[in-house]
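What follows is one structure encoded as structure tokens, with my remarks underneath.
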Amino acid sequence: MQRYSVFSLLRNSLSYHEQWQQAWRNPEPKRQYDVVIIGGGGHGLGAAHYLAKDHGITNVAVLEKGWLGGGNTGRNTMTVRSNFLREASVPFHEESLALYHGLSKELNYNLMVGKRGMISFLQSSGASRIATQMANTMHIYGARYEMMSLEEIKRRLPIFEPPADTRMPIVGGVYQPDATMVRHDAVAWGFARSADSRGVDIIQNCEVTGILRDKGGITGVETTRGTIKAKKVGMAVAGHGSVVAAMAGLRLPIVTQPLQAWVSEPIKPVLDEIVVIRNYFGTYLMQSDKGEIVIGQGCDPYSSYAQRGTFPIIENASSAMLEIFPRFKRLKLLRHWAGMLDMTYDGSPIISKTDIPGFYIDVAGSGGFKTTPVAAKTHAHLIATDQSHELTRDLGLNRFGTGHLVVEGGVSANH
Ligand SMILES: Cc1cc2nc3c(=O)[nH]c(=O)nc-3n(C[C@H](O)[C@H](O)[C@H](O)COP(=O)(O)OP(=O)(O)OC[C@H]3O[C@@H](n4cnc5c(N)ncnc54)[C@H](O)[C@@H]3O)c2cc1C
């Protein structure tokens with residue numbers, strides 16, 4: 001793994017970076033691999049890293065139709081949290097938090113992991129009840145989740161001035177001290193560099209256009225750069241799960257919806273914590289290291305592959321924010337963007353084998369940045385051993401047949 005000294009930084013800056021060593025190779029695809037991973041986002045690159053590191057499987061290619069992290073990995077709002085309702089969810093998300101906190105060291109790459117804490121405003125008795133239930137499940141697993149009075153919120157969040165006349169009165173709050181922010185691009189780049197240094201081929205501008213199978217199962221993939229044979233194929237293509245699975249003849253229980261976010265001009269530091277307003281849509285905001293206020297909300301409520309959202313969501317989220325933080329009313333918006341989420345019917349991810357031997361899927365679901373390391377690790381485990389990891393036993397595809405859903409939809413406001 002390459003390291004840079006002060007002198008190499010100086011030399012490279014003076015030589016216009018022409019001698020700069022590439023962080024990963026740019027290999028031609030081989031005709032055959034043991035494992036092909038479709039999708040060069042955090043989940044796919046992470047799976048390749050863990051296949052190599054945990055299982056010694058290095059004859060692996062990651063195929064990405066665009067550039068690394070150019071999908072949802074580079075578009076999300078970088079929030080990592082574990083406040084969930086179900087027993088199948090909390091340990092999975094707690095493990096992800098734990099992995100994130102060790103990942104900069106493991107990858108020798110600064111992921112800018114920062115514990116920020118998250119305060120959720122509760123604006124109805126229903127939201128309070130769900131928060132209490134979440135707290136109960138989380139406490140079973142040793143996760144911290146604390147109910148807050150308005151006075152405590154005010155103490156922790158000096159810019160909050162309890163308004164007298166909100167549409168929905170604020171009945172209190174709930175605090176996850178361990179909620180964290182992680183630099184999203186760095187996750188893709190760190191995993192890519194590590195996987196590459198262990199022998200994995202990362203192939204960009206290589207779209208998978210077909211999945212090849214015979215009676216025995218998967219035999220490879222068809223791509224824009226030719227046919228590539230593989231004994232096993234893992235899919236990690238958030239936002240395109242239905243499209244890629246259909247190439248193998250599979251219909252997944254998911255709907256693809258746009259999710260958008262936007263940022264203000266930078267201002268001086270005023271907001272340490274991530275703030276969630278648990279109204280109907282789940283508006284959230286935080287301040288970036290650059291000083292911008294980053295704002296988002298739940299998905300647009302329709303199915304689409306267009307990477308753009310609609311104005312009513314911006315209007316709704318902004319008005320929810322301004323009710324609670326009226327002093328933000330003069331902020332100017334700088335940028336706005338969107339991505340696509342493969343939403344499952346229960347709001348939980350799918351990490352699963354399929355009916356096709358050798359074809360494995362990681363469907364990130366509603367908020368898959370936070371799960372990137374744990375999903376990648378458990379997906380790699382599944383591919384390597386053909387057995388579900390203990391953390392994902394309840395997250396298989398079969399739950400949509402048996403009815404044992406892991407229902408988080410509607411309660412996980414902040415993606
Ligand atoms: C605006 C926004 C805010 C968000 N905020 C958060 C947040 O704060 N916290 C959180 O936990 N989650 C958040 N998310 C969700 C999160 O970004 C995604 O769930 C997560 O990044 C998915 O990672 P991935 O690696 O599975 O997918 P991606 O990063 O989307 O990677 C999949 C890759 O597959 C590639 N691909 C697709 N089809 C093919 C093909 N046929 N052949 C080859 N390659 C293909 C794509 O080009 C893409 O690069 C947010 C999402 C958005 C859009």
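Residue names in the structure tokens use chain letters A, B, ... in the order shown, residue numbers from 1 in each chain, and ligand numbers from 1 in the order shown.
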Pick out the residues sitting within 10 Å of range 373-375 of chain A, and hand them over as a CSV table (one decimal) with C-alpha atoms, in the first residue's frame; count only C-alpha atoms, and ignore anything fewer than 2 positions along from it in its own chain.
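Contents of result_7.csv, as written:
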chain,number,residue,atom,x,y,z
A,42,GLY,CA,-19.1,1.6,-1.3
A,43,HIS,CA,-21.1,-1.7,-1.0
A,44,GLY,CA,-19.5,-3.4,-4.0
A,45,LEU,CA,-15.9,-2.2,-3.4
A,46,GLY,CA,-16.3,-3.0,0.3
A,47,ALA,CA,-17.4,-6.6,-0.6
A,49,HIS,CA,-12.1,-5.7,0.2
A,50,TYR,CA,-13.6,-8.1,2.6
A,92,PHE,CA,-26.6,-5.0,12.3
A,93,HIS,CA,-26.4,-1.2,12.4
A,94,GLU,CA,-24.4,-1.2,15.6
A,95,GLU,CA,-21.8,-3.4,14.0
A,96,SER,CA,-21.6,-1.0,11.1
A,97,LEU,CA,-20.9,1.9,13.4
A,98,ALA,CA,-18.2,-0.1,15.1
A,99,LEU,CA,-16.7,-1.1,11.8
A,100,TYR,CA,-16.7,2.6,10.6
A,103,LEU,CA,-12.0,1.6,9.1
A,187,VAL,CA,-15.3,5.2,1.8
A,191,PHE,CA,-12.1,0.3,-0.1
A,236,ALA,CA,-24.5,-4.2,-5.2
A,349,PRO,CA,-31.9,-4.1,3.4
A,350,ILE,CA,-31.7,-7.5,1.6
A,351,ILE,CA,-28.5,-9.4,1.8
A,362,ASP,CA,-27.0,-6.8,-1.5
A,363,VAL,CA,-29.9,-4.4,-1.8
A,364,ALA,CA,-29.0,-1.4,0.3
A,368,GLY,CA,-27.5,2.2,2.8
A,369,PHE,CA,-24.5,4.5,3.4
A,370,LYS,CA,-24.7,3.8,7.1
A,371,THR,CA,-24.6,0.1,6.5
A,377,LYS,CA,-18.6,-7.7,5.1
A,378,THR,CA,-21.7,-9.9,5.4
A,379,HIS,CA,-22.2,-10.0,1.6
A,380,ALA,CA,-18.6,-11.1,1.2
A,381,HIS,CA,-19.2,-13.8,3.9
A,391,LEU,CA,-26.1,-10.6,11.4
A,392,THR,CA,-28.1,-11.0,8.2
Each range 158-215 of chain A residue no farther than 9 Å from range 240-254 of chain A, nearest pair in Å, only C-alpha atoms, as JSON lines:
{"residue": "A:Val208", "atom": "CA", "partner": "A:Val244", "partner_atom": "CA", "distance": 7.9}
{"residue": "A:Thr209", "atom": "CA", "partner": "A:Met247", "partner_atom": "CA", "distance": 7.5}
{"residue": "A:Gly210", "atom": "CA", "partner": "A:Met247", "partner_atom": "CA", "distance": 5.3}
{"residue": "A:Ile211", "atom": "CA", "partner": "A:Ala248", "partner_atom": "CA", "distance": 5.3}
{"residue": "A:Leu212", "atom": "CA", "partner": "A:Ala248", "partner_atom": "CA", "distance": 7.3}
{"residue": "A:Arg213", "atom": "CA", "partner": "A:Ala248", "partner_atom": "CA", "distance": 7.6}
Can you list, as a PDB file with N, CA and C atoms, in the first residue's frame, every protein, DNA or RNA residue that comes within 6 Å of Val35 in chain A when you count only C-alpha atoms, leaving out same-chain residues fewer than 4 positions away?
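So selection.pdb came out as:
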ATOM      1  N   VAL A  60     -10.921 -11.540  -8.169  1.00  0.00           N
ATOM      2  CA  VAL A  60     -12.221 -10.851  -8.097  1.00  0.00           C
ATOM      3  C   VAL A  60     -12.177  -9.624  -9.002  1.00  0.00           C
ATOM      4  N   ALA A 230     -17.588 -16.122 -14.617  1.00  0.00           N
ATOM      5  CA  ALA A 230     -17.394 -16.093 -13.155  1.00  0.00           C
ATOM      6  C   ALA A 230     -18.200 -17.204 -12.525  1.00  0.00           C
ATOM      7  N   LYS A 232     -19.140 -17.040  -9.348  1.00  0.00           N
ATOM      8  CA  LYS A 232     -20.094 -16.388  -8.453  1.00  0.00           C
ATOM      9  C   LYS A 232     -20.217 -14.914  -8.829  1.00  0.00           C
ATOM     10  N   VAL A 233     -21.426 -14.382  -8.697  1.00  0.00           N
ATOM     11  CA  VAL A 233     -21.655 -12.969  -9.005  1.00  0.00           C
ATOM     12  C   VAL A 233     -22.401 -12.332  -7.823  1.00  0.00           C
TER      13      VAL A 233
END
Handout entry: Counting only C-alpha atoms, the option among A:Phe328, A:Trp67, A:Phe311, A:Tyr175 closest to Ile293 in chain A
Key = A:Phe328
For range 13-30 of chain A, please output as a CSV table (one decimal) with N, CA and C atoms, in the first residue's frame all residues within 7 Å (counting only C-alpha atoms; exclusion window: fewer than 5 positions along the same chain).
chain,number,residue,atom,x,y,z
A,192,ALA,N,-11.5,0.9,-2.4
A,192,ALA,CA,-11.0,0.6,-3.7
A,192,ALA,C,-9.5,0.4,-3.6
A,193,ARG,N,-8.8,1.3,-2.9
A,193,ARG,CA,-7.4,1.2,-2.8
A,193,ARG,C,-6.9,-0.1,-2.1
A,196,ASP,N,-7.7,-3.2,-4.4
A,196,ASP,CA,-6.8,-3.2,-5.5
A,196,ASP,C,-5.4,-3.7,-5.0
A,201,ASP,N,-9.3,-6.7,-9.3
A,201,ASP,CA,-9.4,-5.8,-10.5
A,201,ASP,C,-10.6,-4.9,-10.4
A,202,ILE,N,-10.4,-3.6,-10.5
A,202,ILE,CA,-11.5,-2.6,-10.4
A,202,ILE,C,-11.6,-2.1,-11.8
A,203,ILE,N,-12.8,-2.3,-12.5
A,203,ILE,CA,-12.9,-2.0,-13.9
A,203,ILE,C,-14.0,-1.0,-14.0
